[in-house]
Amino acid sequence: MTSETLLTLIFAYFALASVVFAVLVIMLRNPVQCALSLVGVVFHLAGIFILLRAEFLAAAHIIIYAGAIIVLFLFTMMLLNIGAVERVRQFHVQAPLAIVIGAILFLEFIVLTGATITIGAQGPHSPAWVAGQGGNVQALGQVLFRDYLLPFEVASVLLTAAVVGAIVLARQRPRRPRSSSEMGVAEWMAERYEKANVRSSNRPNSAEEIGD
Amino acid sequence: MIIPALEYYLVLGAALFIIGLLGVLVRRNLLIVFMSIELILLGANVTFVGFAVALDNMLGQAFVIFSLTVAAAEAAVGLAIIVALSRHRDTLNVDEINTLKG
């Protein structure tokens, strides 16, 4: 068996497994099982990336997706009451139409892929250049921090904005009084301030108030 | 040099994209709609890395880093919206969430 057929077989395994897990993500009933299937997709795609010699991205996918995003999904499910969600009908009435359109779109992708891909001039980062840099991680670092430093910094701004936005959105808002429209703003603020003081002064009870 | 041919990777990326798209269109649970969006982004990442390796250009791999950033930001903000929504309306069914004003 040549190494080429071996690599093709390995690719076939990773590709098939990731597609099967992806189908499970959208088919399973329990959202926790869906999240765990998403972990399966990410791990098999990491195998695909290693096959492509993009080792850093394989590790980054496992760390960010399996380690951060899916854990965030699981935490959200624990915060919510998912038992009630599971009992309702899971699929939309438009499902058959969506599947037909998706199949047509997929066939279109395949036709276009077979018809139009011609690899033109090779870029500057040949495997020899990558090896000269010391490997995939060093080469990616050279490109990222030399040529694309500004987009990288902008990405960090985006992450900061997302963190602030997530905290603001998910924060438990204090209950507004019923007649807040009639009440003056200063009066309302004073009442809020008073409530906050009361809550912080008797700390042992504050845990019960949060759980309402 | 890329083994197997680039087309295989593109078809894999397209398959993940379509599965994610179907998940968004078909499922009624908002959490699973968000997971399907993650699948769409993963399909795009496979396509990026495939082209990056086939064309010997590291920009494709650098761009996947930005794509991961966007995925993480989207998940954080989206799940915060889900938490706020379920506190407000007590449902995750996308058919029942049809008003902008609470």
# chains A, B, ... in the order shown; residues from 1 in each chain; ligands from 1
call {"tool": "residues_around", "arguments": {"residues": "B:Ala15", "least_positions_apart": "5", "cutoff": "8 Å", "atoms": "only C-alpha atoms", "output": "count of residues only"}}
result
3
call {"tool": "interface_residues", "arguments": {"of": "chain A", "to": "chain B", "cutoff": "6 Å", "atoms": "only C-alpha atoms", "output": "PyMOL selection string"}}
result
chain A and resi 8+26+90-92+95+122-123+125-126+144+159+162+166+169-170
call {"tool": "closest_residue", "arguments": {"among": "B:Leu41, B:His88, B:Thr47, B:Ile97", "to": "A:Gln172", "atoms": "only C-alpha atoms"}}
result
B:His88
call {"tool": "residues_around", "arguments": {"residues": "stretch 75-78 of chain A", "least_positions_apart": "2", "cutoff": "8 Å", "atoms": "only C-alpha atoms", "output": "ChimeraX atom specification"}}
result
/A:31-32,71-73,80-82 /B:79,83
call {"tool": "residues_around", "arguments": {"residues": "A:His44", "least_positions_apart": "3", "cutoff": "12 Å", "atoms": "only C-alpha atoms", "output": "PyMOL selection string"}}
result
(chain A and resi 10-22+37-41+47-51+58-59+61-62+66) or (chain B and resi 12+42+46)
call {"tool": "write_last_selection", "arguments": {"atoms": "N, CA and C atoms", "output": "mmCIF file, in the first residue's frame"}}
result
data_model
loop_
_atom_site.group_PDB
_atom_site.id
_atom_site.type_symbol
_atom_site.label_atom_id
_atom_site.label_comp_id
_atom_site.auth_asym_id
_atom_site.auth_seq_id
_atom_site.Cartn_x
_atom_site.Cartn_y
_atom_site.Cartn_z
ATOM 1 N N ILE A 10 -7.121 7.559 5.411
ATOM 2 C CA ILE A 10 -7.238 8.317 6.667
ATOM 3 C C ILE A 10 -8.156 9.508 6.476
ATOM 4 N N PHE A 11 -7.985 10.192 5.321
ATOM 5 C CA PHE A 11 -8.878 11.316 5.030
ATOM 6 C C PHE A 11 -10.327 10.851 4.984
ATOM 7 N N ALA A 12 -10.569 9.693 4.327
ATOM 8 C CA ALA A 12 -11.947 9.203 4.193
ATOM 9 C C ALA A 12 -12.543 8.956 5.567
ATOM 10 N N TYR A 13 -11.748 8.348 6.467
ATOM 11 C CA TYR A 13 -12.283 8.096 7.810
ATOM 12 C C TYR A 13 -12.662 9.405 8.496
ATOM 13 N N PHE A 14 -11.717 10.359 8.533
ATOM 14 C CA PHE A 14 -11.987 11.609 9.259
ATOM 15 C C PHE A 14 -13.162 12.355 8.632
ATOM 16 N N ALA A 15 -13.218 12.379 7.281
ATOM 17 C CA ALA A 15 -14.283 13.136 6.618
ATOM 18 C C ALA A 15 -15.630 12.494 6.898
ATOM 19 N N LEU A 16 -15.697 11.157 6.736
ATOM 20 C CA LEU A 16 -16.979 10.486 6.961
ATOM 21 C C LEU A 16 -17.427 10.649 8.407
ATOM 22 N N ALA A 17 -16.491 10.468 9.349
ATOM 23 C CA ALA A 17 -16.875 10.561 10.758
ATOM 24 C C ALA A 17 -17.356 11.964 11.082
ATOM 25 N N SER A 18 -16.667 12.993 10.543
ATOM 26 C CA SER A 18 -17.113 14.354 10.878
ATOM 27 C C SER A 18 -18.474 14.637 10.269
ATOM 28 N N VAL A 19 -18.740 14.122 9.053
ATOM 29 C CA VAL A 19 -20.056 14.358 8.454
ATOM 30 C C VAL A 19 -21.135 13.632 9.256
ATOM 31 N N VAL A 20 -20.842 12.388 9.690
ATOM 32 C CA VAL A 20 -21.838 11.644 10.467
ATOM 33 C C VAL A 20 -22.142 12.372 11.777
ATOM 34 N N PHE A 21 -21.081 12.850 12.449
ATOM 35 C CA PHE A 21 -21.315 13.582 13.705
ATOM 36 C C PHE A 21 -22.087 14.870 13.442
ATOM 37 N N ALA A 22 -21.801 15.525 12.303
ATOM 38 C CA ALA A 22 -22.519 16.761 11.991
ATOM 39 C C ALA A 22 -23.999 16.477 11.785
ATOM 40 N N SER A 37 -21.938 15.666 20.143
ATOM 41 C CA SER A 37 -21.658 15.336 18.750
ATOM 42 C C SER A 37 -20.819 16.418 18.089
ATOM 43 N N LEU A 38 -21.067 17.669 18.481
ATOM 44 C CA LEU A 38 -20.256 18.767 17.939
ATOM 45 C C LEU A 38 -18.794 18.599 18.364
ATOM 46 N N VAL A 39 -18.574 18.094 19.579
ATOM 47 C CA VAL A 39 -17.192 17.788 19.992
ATOM 48 C C VAL A 39 -16.593 16.752 19.044
ATOM 49 N N GLY A 40 -17.403 15.728 18.675
ATOM 50 C CA GLY A 40 -16.915 14.706 17.737
ATOM 51 C C GLY A 40 -16.537 15.321 16.401
ATOM 52 N N VAL A 41 -17.379 16.226 15.885
ATOM 53 C CA VAL A 41 -17.065 16.906 14.616
ATOM 54 C C VAL A 41 -15.725 17.620 14.730
ATOM 55 N N GLY A 47 -8.258 16.161 13.004
ATOM 56 C CA GLY A 47 -7.499 15.158 12.259
ATOM 57 C C GLY A 47 -7.293 15.570 10.817
ATOM 58 N N ILE A 48 -8.329 16.145 10.191
ATOM 59 C CA ILE A 48 -8.207 16.630 8.807
ATOM 60 C C ILE A 48 -7.122 17.705 8.728
ATOM 61 N N PHE A 49 -7.109 18.619 9.719
ATOM 62 C CA PHE A 49 -6.124 19.701 9.687
ATOM 63 C C PHE A 49 -4.713 19.159 9.853
ATOM 64 N N ILE A 50 -4.547 18.118 10.684
ATOM 65 C CA ILE A 50 -3.216 17.532 10.836
ATOM 66 C C ILE A 50 -2.791 16.882 9.526
ATOM 67 N N LEU A 51 -3.762 16.272 8.823
ATOM 68 C CA LEU A 51 -3.472 15.697 7.511
ATOM 69 C C LEU A 51 -2.989 16.772 6.537
ATOM 70 N N ALA A 58 -5.204 22.716 14.166
ATOM 71 C CA ALA A 58 -5.847 21.548 14.773
ATOM 72 C C ALA A 58 -5.939 21.736 16.284
ATOM 73 N N ALA A 59 -4.810 22.134 16.890
ATOM 74 C CA ALA A 59 -4.818 22.336 18.342
ATOM 75 C C ALA A 59 -5.743 23.481 18.724
ATOM 76 N N HIS A 61 -8.384 24.519 17.180
ATOM 77 C CA HIS A 61 -9.791 24.135 17.085
ATOM 78 C C HIS A 61 -10.221 23.337 18.301
ATOM 79 N N ILE A 62 -9.380 22.390 18.714
ATOM 80 C CA ILE A 62 -9.770 21.575 19.875
ATOM 81 C C ILE A 62 -9.885 22.455 21.108
ATOM 82 N N ALA A 66 -13.854 22.721 21.470
ATOM 83 C CA ALA A 66 -14.210 21.748 22.504
ATOM 84 C C ALA A 66 -13.997 22.324 23.891
ATOM 85 N N LEU B 12 -15.843 18.268 1.416
ATOM 86 C CA LEU B 12 -16.083 18.107 2.854
ATOM 87 C C LEU B 12 -16.560 19.416 3.474
ATOM 88 N N LEU B 42 -17.271 25.918 10.754
ATOM 89 C CA LEU B 42 -16.266 24.854 10.627
ATOM 90 C C LEU B 42 -16.084 24.465 9.166
ATOM 91 N N VAL B 46 -12.532 24.530 6.984
ATOM 92 C CA VAL B 46 -11.924 23.448 6.200
ATOM 93 C C VAL B 46 -11.569 23.956 4.809
#
call {"tool": "closest_residue", "arguments": {"among": "A:Leu7, A:Ile101, A:Arg192, A:Asn197", "to": "A:Leu52", "atoms": "only C-alpha atoms"}}
result
A:Leu7
call {"tool": "select_by_dssp", "arguments": {"residues": "stretch 2-96 of chain B", "states": "helix (DSSP H, G or I)", "output": "PyMOL selection string"}}
result
chain B and resi 6-26+30-54+59-89
call {"tool": "atom_distance", "arguments": {"atom1": "atom CA of A:Thr2", "atom2": "atom CA of A:Pro127"}}
result
21.2 Å
call {"tool": "atom_distance", "arguments": {"atom1": "atom CA of A:Gly102", "atom2": "atom CA of A:Leu24"}}
result
16.6 Å
